[in-house]
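Visitor: The structure follows.
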2 protein chains.
Amino acid sequence: MITQSLAQFVAQTQSAPDATRHMVRLSLLDWAAVGLAGCREPVARITRAMALDEAGAAQAHLFGGGRAPARAAALVNGATSHALDYDDTHFAHIGHPSVAVIPAALAVAEREGAGGAELQLAALLGIETSIRVGIWLGRDHYQTGFHQTGTAGAFGAAAAAARLMGLDAAGIAAALGLVATRASGLKSQFGTMGKPYNAGIAAANGVEAATLVARGFVPDPQGLEAAQGFGATHAGQADPAALNGVGRNWLFDGISHKFHACCHGLHATLEALAGMNRPAAEEVAEIRIATHPRWMSVCNQSDPETGLGAKFSYRMVAAMALLGHDTAALESYSDALCADPQLRALRARVAVAQDGELSETQARVRIVQKDGTLHEAFHDLDAPMAPERREARLKSKAAALVGQARSEALWDMVVAEAAPDELGAALT
Amino acid sequence: MITQSLAQFVAQTQSAPDATRHMVRLSLLDWAAVGLAGCREPVARITRAMALDEAGAAQAHLFGGGRAPARAAALVNGATSHALDYDDTHFAHIGHPSVAVIPAALAVAEREGAGGAELQLAALLGIETSIRVGIWLGRDHYQTGFHQTGTAGAFGAAAAAARLMGLDAAGIAAALGLVATRASGLKSQFGTMGKPYNAGIAAANGVEAATLVARGFVPDPQGLEAAQGFGATHAGQADPAALNGVGRNWLFDGISHKFHACCHGLHATLEALAGMNRPAAEEVAEIRIATHPRWMSVCNQSDPETGLGAKFSYRMVAAMALLGHDTAALESYSDALCADPQLRALRARVAVAQDGELSETQARVRIVQKDGTLHEAFHDLDAPMAPERREARLKSKAAALVGQARSEALWDMVVAEAAPDELGAALT
């Protein structure tokens with residue numbers, strides 16, 4: 001049922017609202033920038049070296065240079081663009097849709113010679129598919145230990161690839177059915193290169209499934225919802241709300257971009273801090289952060305000693321924000337800053353507590369001054385952001401990651417709906 | 001715990017008993033023959049066409065001709081060798097270990113320039129690993145819907161590949177840990193090309209994991225047994241018996257080769273029939289078959305109309321055996337035979353019942369003659385078979401599949417421990 005509905009949606013949709021299309025372009029810019037910034041990370045270098053050693057048909061570009069068959073490019077570019085964990089998130093299912101879907105869409109678009117507008121629409125349809133499959137799988141799936149970026153992401157990648165290959169609804173359903181036997185990704189790899197790898201395998205699995213179906217592979221198209229299908233075997237909840245309004249509204253519109261180079265669980269706190277009247281650090285008696293209980297085991301390292309640890313620490317990023325360290329800059333998260341006496345002194349005055357009344361996208365911050373003055377702020381990442389403000393912030397982020405000129409050139413290409421192989425060449 | 005134990009076993013084992021090594025060679029011959037016979041099947045043609053389109057470094061041979069990078073060769077050769085479902089089975093975990101592990105081992109051995117003896121030992125170590133991981137995952141894992149060939153098989157493929165790449169115990173553990181986030185395969189694809197595909201993805205996942213680890217990829221090596229690791233998320237039972245006698249005895253020795261070109265659930269019945277004093281068909285009043293309850297939903301099609309259906313029908317194969325149709329020959333299972341009046345008349349006199357006292361490898365057959373005479377036979381596939389008899393039967397099967405000369409040439413190569421690229425070239 002869900003497979004057939006999503007396959008028809010992916011096959012038949014010919015357009016999307018302007019605001020949604022604008023968001024797609026922003027996500028494309030953001031994806032390209034974080035991928036370029038990530039291409040010297042170990043997981044990026046290692047997967048790319050494997051692909052270059054395998055060589056083969058130059059079907060699609062790789063972040064960092066070189067070309068490879070589309071399946072391999074999807075693997076490399078998925079892992080590379082998630083290497084910094086600085087890409088977008090959709091909280092409805094808690095997944096990173098762009099890093100799973102866009103690498104598959106771009107690689108297949110390059111291979112098939114699709115147009116730029118086709119690529120952008122297919123990426124949107126794939127991301128929308130991954131979000132809806134993720135909702136259908138539900139929180140139980142995530143809590144059991146599955147990484148929605150890898151699992152739901154594979155279905156989105158398959159949908160985008162199948163659309164770009166011109167498959168009809170039955171063919172798209174078959175690609176979704178086939179990828180069900182290959183979709184995977186465990187959260188227990190978090191904190192290792194295995195996390196970004198999960199994005200790469202989602203993208204590669206999607207390309208492979210669509211490619212095989214286009215060549216005549218006949219799977220069970222009900223791979224997702226069959227008895228003992230992917231849902232039943234992977235703690236899926238089969239939430240029928242996943243199909244609400246499909247084809248009429250776009251859950252993609254609720255995507256959350258990262259404006260801080262740390263765990264997304266910290267962002268509502270950082271946005272609350274950014275929006276409030278903050279006293280000088282030396283006047284602060286206490287900073288009290290309230291967050292959703294889920295995040296307490298994810299990003300509440302108390303006294304991190306490393307830059308990586310700092311990315312998962314409420315106390316650290318709150319102190320950084322108050323002391324004026326740029327939480328959007330990758331280089332701010334350093335071992336040296338963790339050892340800085342001024343920062344450690346302020347960090348010691350931060351208290352973190354869970355609040356079951358808050359949603360996963362909300363945080364509340366209270367700052368108590370030494371003179372007793374109380375400052376308070378609340379932020380919800382799901383609150384609407386004016387498109388102009390989002391664009392400005394994402395352009396600023398991209399410029400910080402890849403330089404002003406390169407950021408502008410990427411944006412110009414995206415707006416002009418540049419041919420996929422031109423866009424791909426710009427990532428090398 | 002299991003990962004570390006198996007990694008040390010795979011890293012440190014330098015030899016195996018002669019009888020076990022003889023069985024490895026028989027499985028290699030059998031694997032090569034069923035793969036060659038399967039290379040015109042749709043799933044074989046489709047996966048191979050994808051690999052040839054991708055092209056790339058000629059690291060390893062493909063069934064049916066051509067070479068490809070090792071990851072792609074593992075995918076193609078795994079799917080191809082399982083296409084006919086005529087390969088070996090291990091009933092301790094209910095998986096097809098050779099089709100998942102040997103394609104990975106051979107592809108990596110070709111790529112790395114390993115020797116023939118190294119290939120055979122690595123294949124054995126990988127198969128033993130897959131059986132033990134499969135037992136550790138347990139019947140719950142299988143009954144939930146996971147295809148052990150794809151899941152446990154990926155760990156075996158990773159072990160074999162890592163061994164051939166010279167990784168030490170820590171490296172082999174890392175490959176096992178990494179493949180945990182990618183291992184997959186659903187039984188709900190049974191009856192479609194998705195079933196043999198699951199063998200291919202196991203092999204490809206194993207090659208990929210070991211290759212990435214050798215290049216510096218650092219995953220969580222506890223991917224199998226970690227909290228929310230592969231076992232916990234995939235209905236694994238964590239059966240500690242999986243490690244009983246590891247390094248001292250070889251569970252591989254219990255492997256079951258197929259001597260009939262149909263579902264393995266039918267084989268104990270066919271062996272029982274073969275070993276009994278059988279009346280002429282026209283004298284048969286009734287044939288009563290008793291089998292393990294699990295098989296009733298797997299291979300008990302009552303009145304199949306197609307050759308494929310016949311491969312999953314007790315009544316059909318019993319009638320075939322009594323009428324002298326060769327149940328070892330692929331071409332015996334035809335739509336035409338399903339429509340044959342003589343066969344249908346005898347088939348109508350076969351009754352199938354479940355018997356919870358029988359194991360999955362056992363069957364009991366009773367033939368009642370029209371004059372009241374009763375013939376009875378019992379067979380257990382786990383009963384020891386003399387090595388000479390097994391060798392003779394497997395050589396006969398291979399000759400039927402690929403011809404006498406080719407079968408003999410393959411056996412000579414295996415016995416001579418021919419270099420992996422020579423063996424690979426013989427598959428094309």
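To be explicit about the labels: the chains of the structure tokens are called A, B, and onward in the order shown, and within each one the residues are counted from 1, while ligands get numbers from 1 in the order they are shown.
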For A:His257, work out the shell of residues within 9 Å, counting only C-alpha atoms and skipping chain neighbours fewer than 2 positions away, then give it as a ChimeraX atom specification.

Guide: /A:27,30,86-90,255,259,390,394

Visitor: Kindly provide the residues of chain A that approach chain B to within 7 Å, each paired with its closest atom pair and their distance in Å to one decimal, based on only C-alpha atoms, listed by chain and increasing number, as CSV.

Guide:
```
residue,atom,partner,partner_atom,distance
A:Val43,CA,B:Phe217,CA,6.6
A:Ile46,CA,B:Arg215,CA,6.1
A:Thr47,CA,B:Leu212,CA,6.9
A:Glu54,CA,B:Ala57,CA,5.2
A:Ala55,CA,B:Gly56,CA,4.6
A:Gly56,CA,B:Gly56,CA,3.1
A:Ala57,CA,B:Glu54,CA,5.2
A:Pro69,CA,B:Glu54,CA,5.4
A:Thr144,CA,B:Thr233,CA,6.2
A:Gly145,CA,B:Gln228,CA,5.0
A:Leu178,CA,B:Gly194,CA,6.9
A:Thr181,CA,B:Gly185,CA,4.8
A:Arg182,CA,B:Ser184,CA,5.4
A:Ser184,CA,B:Arg182,CA,5.4
A:Gly185,CA,B:Thr181,CA,4.8
A:Leu186,CA,B:Thr181,CA,5.2
A:Ser188,CA,B:Gly229,CA,5.7
A:Gln189,CA,B:Asp220,CA,5.8
A:Thr192,CA,B:Pro219,CA,5.4
A:Met193,CA,B:Pro219,CA,5.8
A:Gly194,CA,B:Pro219,CA,5.4
A:Leu212,CA,B:Ile46,CA,6.6
A:Arg215,CA,B:Ile46,CA,6.1
A:Gly216,CA,B:Ile46,CA,6.8
A:Phe217,CA,B:Val43,CA,6.6
A:Val218,CA,B:Met193,CA,6.1
A:Pro219,CA,B:Thr192,CA,5.4
A:Asp220,CA,B:Gln189,CA,5.8
A:Gly223,CA,B:Ser188,CA,7.0
A:Gln228,CA,B:Gly145,CA,5.1
A:Gly229,CA,B:Ser188,CA,5.8
A:Thr233,CA,B:Gly145,CA,6.2
```

Visitor: Kindly save the residues from that selection, with N, CA and C atoms included, as an mmCIF file, in the first residue's frame.

Guide:
```cif
data_model
loop_
_atom_site.group_PDB
_atom_site.id
_atom_site.type_symbol
_atom_site.label_atom_id
_atom_site.label_comp_id
_atom_site.auth_asym_id
_atom_site.auth_seq_id
_atom_site.Cartn_x
_atom_site.Cartn_y
_atom_site.Cartn_z
ATOM 1 N N VAL A 43 36.922 9.109 6.223
ATOM 2 C CA VAL A 43 35.930 8.249 5.568
ATOM 3 C C VAL A 43 35.766 8.622 4.099
ATOM 4 N N ILE A 46 39.012 7.366 2.226
ATOM 5 C CA ILE A 46 39.078 5.906 2.135
ATOM 6 C C ILE A 46 38.078 5.363 1.111
ATOM 7 N N THR A 47 36.853 5.847 1.149
ATOM 8 C CA THR A 47 35.867 5.343 0.188
ATOM 9 C C THR A 47 36.227 5.791 -1.228
ATOM 10 N N GLU A 54 39.044 0.840 -8.058
ATOM 11 C CA GLU A 54 38.165 0.012 -8.897
ATOM 12 C C GLU A 54 38.046 0.574 -10.306
ATOM 13 N N ALA A 55 38.150 1.917 -10.388
ATOM 14 C CA ALA A 55 38.043 2.605 -11.676
ATOM 15 C C ALA A 55 36.719 2.272 -12.376
ATOM 16 N N GLY A 56 36.740 2.204 -13.683
ATOM 17 C CA GLY A 56 35.511 1.901 -14.410
ATOM 18 C C GLY A 56 34.941 3.087 -15.143
ATOM 19 N N ALA A 57 33.758 2.898 -15.695
ATOM 20 C CA ALA A 57 33.101 3.913 -16.509
ATOM 21 C C ALA A 57 32.975 5.217 -15.733
ATOM 22 N N PRO A 69 31.790 4.784 -11.717
ATOM 23 C CA PRO A 69 30.422 4.346 -11.995
ATOM 24 C C PRO A 69 29.446 4.930 -10.953
ATOM 25 N N THR A 144 14.948 1.169 18.240
ATOM 26 C CA THR A 144 15.488 -0.194 18.245
ATOM 27 C C THR A 144 16.962 -0.199 17.855
ATOM 28 N N GLY A 145 17.368 0.805 17.074
ATOM 29 C CA GLY A 145 18.784 0.896 16.728
ATOM 30 C C GLY A 145 19.060 1.133 15.259
ATOM 31 N N LEU A 178 12.862 -3.975 -4.168
ATOM 32 C CA LEU A 178 14.179 -4.618 -4.187
ATOM 33 C C LEU A 178 15.105 -4.028 -3.134
ATOM 34 N N THR A 181 15.432 -5.430 0.529
ATOM 35 C CA THR A 181 16.259 -6.568 0.962
ATOM 36 C C THR A 181 17.718 -6.163 1.163
ATOM 37 N N ARG A 182 18.022 -4.910 0.851
ATOM 38 C CA ARG A 182 19.407 -4.450 0.986
ATOM 39 C C ARG A 182 19.554 -3.259 1.919
ATOM 40 N N SER A 184 19.928 -0.885 4.981
ATOM 41 C CA SER A 184 20.535 -1.204 6.277
ATOM 42 C C SER A 184 21.153 0.047 6.876
ATOM 43 N N GLY A 185 21.675 -0.103 8.054
ATOM 44 C CA GLY A 185 22.365 0.995 8.749
ATOM 45 C C GLY A 185 22.034 0.986 10.229
ATOM 46 N N LEU A 186 23.066 0.853 11.059
ATOM 47 C CA LEU A 186 22.866 0.742 12.507
ATOM 48 C C LEU A 186 23.401 1.986 13.219
ATOM 49 N N SER A 188 24.436 1.915 16.136
ATOM 50 C CA SER A 188 25.563 1.529 16.998
ATOM 51 C C SER A 188 26.911 1.879 16.375
ATOM 52 N N GLN A 189 26.925 2.282 15.132
ATOM 53 C CA GLN A 189 28.172 2.785 14.526
ATOM 54 C C GLN A 189 28.381 4.279 14.782
ATOM 55 N N THR A 192 31.718 6.651 14.942
ATOM 56 C CA THR A 192 32.777 6.085 14.105
ATOM 57 C C THR A 192 32.508 6.494 12.646
ATOM 58 N N MET A 193 33.426 6.112 11.770
ATOM 59 C CA MET A 193 33.228 6.371 10.346
ATOM 60 C C MET A 193 31.996 5.640 9.817
ATOM 61 N N GLY A 194 31.523 4.678 10.583
ATOM 62 C CA GLY A 194 30.341 3.926 10.163
ATOM 63 C C GLY A 194 29.111 4.803 10.015
ATOM 64 N N LEU A 212 19.171 -2.200 -11.471
ATOM 65 C CA LEU A 212 18.842 -3.598 -11.736
ATOM 66 C C LEU A 212 17.406 -3.738 -12.244
ATOM 67 N N ARG A 215 17.075 -2.960 -15.726
ATOM 68 C CA ARG A 215 17.651 -4.010 -16.580
ATOM 69 C C ARG A 215 16.822 -5.285 -16.581
ATOM 70 N N GLY A 216 15.700 -5.292 -15.872
ATOM 71 C CA GLY A 216 14.804 -6.438 -15.946
ATOM 72 C C GLY A 216 14.675 -7.263 -14.678
ATOM 73 N N PHE A 217 15.313 -6.832 -13.620
ATOM 74 C CA PHE A 217 15.236 -7.571 -12.351
ATOM 75 C C PHE A 217 13.800 -7.512 -11.831
ATOM 76 N N VAL A 218 13.265 -8.671 -11.453
ATOM 77 C CA VAL A 218 11.884 -8.725 -10.947
ATOM 78 C C VAL A 218 11.897 -9.182 -9.489
ATOM 79 N N PRO A 219 11.760 -8.252 -8.551
ATOM 80 C CA PRO A 219 11.709 -8.596 -7.128
ATOM 81 C C PRO A 219 10.240 -8.641 -6.663
ATOM 82 N N ASP A 220 10.049 -8.925 -5.378
ATOM 83 C CA ASP A 220 8.730 -8.702 -4.784
ATOM 84 C C ASP A 220 8.592 -7.202 -4.542
ATOM 85 N N GLY A 223 8.308 -5.324 -0.901
ATOM 86 C CA GLY A 223 9.395 -5.596 0.033
ATOM 87 C C GLY A 223 9.293 -4.837 1.342
ATOM 88 N N GLN A 228 6.763 -10.268 6.838
ATOM 89 C CA GLN A 228 8.217 -10.422 6.932
ATOM 90 C C GLN A 228 8.966 -9.534 5.940
ATOM 91 N N GLY A 229 8.341 -8.435 5.546
ATOM 92 C CA GLY A 229 9.031 -7.436 4.734
ATOM 93 C C GLY A 229 9.924 -6.566 5.603
ATOM 94 N N THR A 233 10.236 -6.782 9.823
ATOM 95 C CA THR A 233 11.477 -7.347 10.357
ATOM 96 C C THR A 233 12.364 -6.305 11.036
#
```

Visitor: Write out as an MDAnalysis selection string which residues come within 7 Å of stretch 356-359 of chain A when counting only C-alpha atoms, dropping same-chain ones fewer than 5 positions away.

Guide: chainID A and resid 291:293

Visitor: Kindly export the residues of the current selection with C-alpha atoms, as a tab-separated table (two decimals), in the first residue's frame.

Guide:
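As a result, again.tsv now contains:
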```tsv
chain	number	residue	atom	x	y	z
A	291	THR	CA	16.02	19.73	26.49
A	292	HIS	CA	14.07	16.69	25.31
A	293	PRO	CA	14.98	13.53	27.22
```

Visitor: List as a PyMOL selection string the protein and nucleic acid residues near A:Ala100, meaning an atom at most 6 Å away when only C-alpha atoms are counted, but skip any in the same chain fewer than 4 places from it.

Guide: chain A and resi 78+153+199+202-203

Visitor: How would the residues just chosen look if you wrote them out with N, CA and C atoms as a JSON list (two decimals), in the first residue's frame?

Guide:
```
[["chain", "number", "residue", "atom", "x", "y", "z"],
["A", 78, "GLY", "N", 27.89, 10.00, -0.71],
["A", 78, "GLY", "CA", 27.04, 9.92, 0.47],
["A", 78, "GLY", "C", 27.88, 9.96, 1.74],
["A", 153, "GLY", "N", 16.57, 6.20, 4.07],
["A", 153, "GLY", "CA", 17.31, 6.88, 3.02],
["A", 153, "GLY", "C", 17.46, 6.04, 1.77],
["A", 199, "ALA", "N", 25.15, 6.71, 5.22],
["A", 199, "ALA", "CA", 24.55, 7.56, 4.19],
["A", 199, "ALA", "C", 25.00, 7.09, 2.81],
["A", 202, "ALA", "N", 23.18, 3.91, 1.76],
["A", 202, "ALA", "CA", 21.81, 4.19, 1.34],
["A", 202, "ALA", "C", 21.78, 4.65, -0.11],
["A", 203, "ALA", "N", 22.66, 5.59, -0.44],
["A", 203, "ALA", "CA", 22.70, 6.13, -1.80],
["A", 203, "ALA", "C", 23.06, 5.03, -2.80]]
```

Visitor: If you run DSSP on this backbone, which residues of stretch 38-180 of chain B come out as strand (DSSP E), and could you give them as number ranges by chain?

Guide: B: 60-61, 67-68

Visitor: Please run DSSP on the backbone and report, as number ranges by chain, all residues within stretch 215-420 of chain A that come out as alpha helix (DSSP H).

Guide: A: 230-233, 267-274, 307-310, 314-322, 335-339, 341-347, 387-402, 404-415, 420

Visitor: Under the rule that only C-alpha atoms are counted, which of A:Ala114, A:Met385, A:Leu323, A:Ala310 is the nearest residue to A:Cys338?

Guide: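 Among the listed residues, the smallest separation from A:Cys338 belongs to A:Ala310.
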
Visitor: Write out as an MDAnalysis selection string which residues come within 12 Å of A:Ala160 when counting only C-alpha atoms, dropping same-chain ones fewer than 2 positions away.

Guide: chainID A and resid 6:7 9:11 97:98 100:109 118:130 153:158 162:167 172:173 175:176 202:211

Visitor: What's around A:Ser407 at 12 Å? Count only C-alpha atoms, leave out sequence neighbours fewer than 2 positions away in its own chain, and write the answer as a VMD selection string.

Guide: chain A and resid 26 28 to 34 36 to 37 392 394 to 405 409 to 414 426 to 427

Visitor: Pull C-alpha atoms from the residues just selected and write them as a PDB file, in the first residue's frame.

Guide:
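Printed below is selection.pdb as written:
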```pdb
ATOM      1  CA  LEU A  26      19.108  25.603  -0.655  1.00  0.00           C
ATOM      2  CA  LEU A  28      21.546  21.298  -2.788  1.00  0.00           C
ATOM      3  CA  LEU A  29      23.845  24.250  -2.053  1.00  0.00           C
ATOM      4  CA  ASP A  30      24.193  23.150   1.544  1.00  0.00           C
ATOM      5  CA  TRP A  31      24.844  19.531   0.538  1.00  0.00           C
ATOM      6  CA  ALA A  32      27.527  20.565  -1.958  1.00  0.00           C
ATOM      7  CA  ALA A  33      29.246  22.840   0.545  1.00  0.00           C
ATOM      8  CA  VAL A  34      29.353  20.338   3.406  1.00  0.00           C
ATOM      9  CA  LEU A  36      33.346  19.776  -0.324  1.00  0.00           C
ATOM     10  CA  ALA A  37      34.329  20.690   3.214  1.00  0.00           C
ATOM     11  CA  ALA A 392      21.213  34.271   3.805  1.00  0.00           C
ATOM     12  CA  LEU A 394      22.950  29.017   4.286  1.00  0.00           C
ATOM     13  CA  LYS A 395      24.942  31.183   1.896  1.00  0.00           C
ATOM     14  CA  SER A 396      26.961  32.478   4.803  1.00  0.00           C
ATOM     15  CA  LYS A 397      27.557  28.921   6.013  1.00  0.00           C
ATOM     16  CA  ALA A 398      28.558  27.757   2.533  1.00  0.00           C
ATOM     17  CA  ALA A 399      30.938  30.684   2.166  1.00  0.00           C
ATOM     18  CA  ALA A 400      32.526  29.826   5.510  1.00  0.00           C
ATOM     19  CA  LEU A 401      32.979  26.222   4.360  1.00  0.00           C
ATOM     20  CA  VAL A 402      34.214  26.631   0.788  1.00  0.00           C
ATOM     21  CA  GLY A 403      34.932  30.344   0.350  1.00  0.00           C
ATOM     22  CA  GLN A 404      32.759  33.161  -0.937  1.00  0.00           C
ATOM     23  CA  ALA A 405      33.534  32.761  -4.645  1.00  0.00           C
ATOM     24  CA  ALA A 409      29.340  29.846  -8.116  1.00  0.00           C
ATOM     25  CA  LEU A 410      27.572  26.814  -6.666  1.00  0.00           C
ATOM     26  CA  TRP A 411      24.453  28.842  -5.913  1.00  0.00           C
ATOM     27  CA  ASP A 412      24.417  30.303  -9.400  1.00  0.00           C
ATOM     28  CA  MET A 413      24.605  26.812 -10.894  1.00  0.00           C
ATOM     29  CA  VAL A 414      21.790  25.532  -8.721  1.00  0.00           C
ATOM     30  CA  ALA A 426      32.017  21.616  -9.510  1.00  0.00           C
ATOM     31  CA  LEU A 427      32.364  19.206  -6.585  1.00  0.00           C
TER      32      LEU A 427
END
```

Visitor: Atom CA of B:Gly254 and atom CA of B:Glu417, how far apart in Å?

Guide: 22.6 Å

Visitor: Nearest residue to A:Glu388 out of A:Ala19, A:Ile94, A:Met316, A:Ile2, using only C-alpha atoms?

Guide: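 Smallest distance to A:Glu388 is found for A:Ala19.
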
Visitor: I need the residue nearest B:Val317 from this list: B:Arg278, B:Arg349, B:His379, B:His267. Use only C-alpha atoms for the distance.

Guide: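 Nearest to B:Val317: B:His267.
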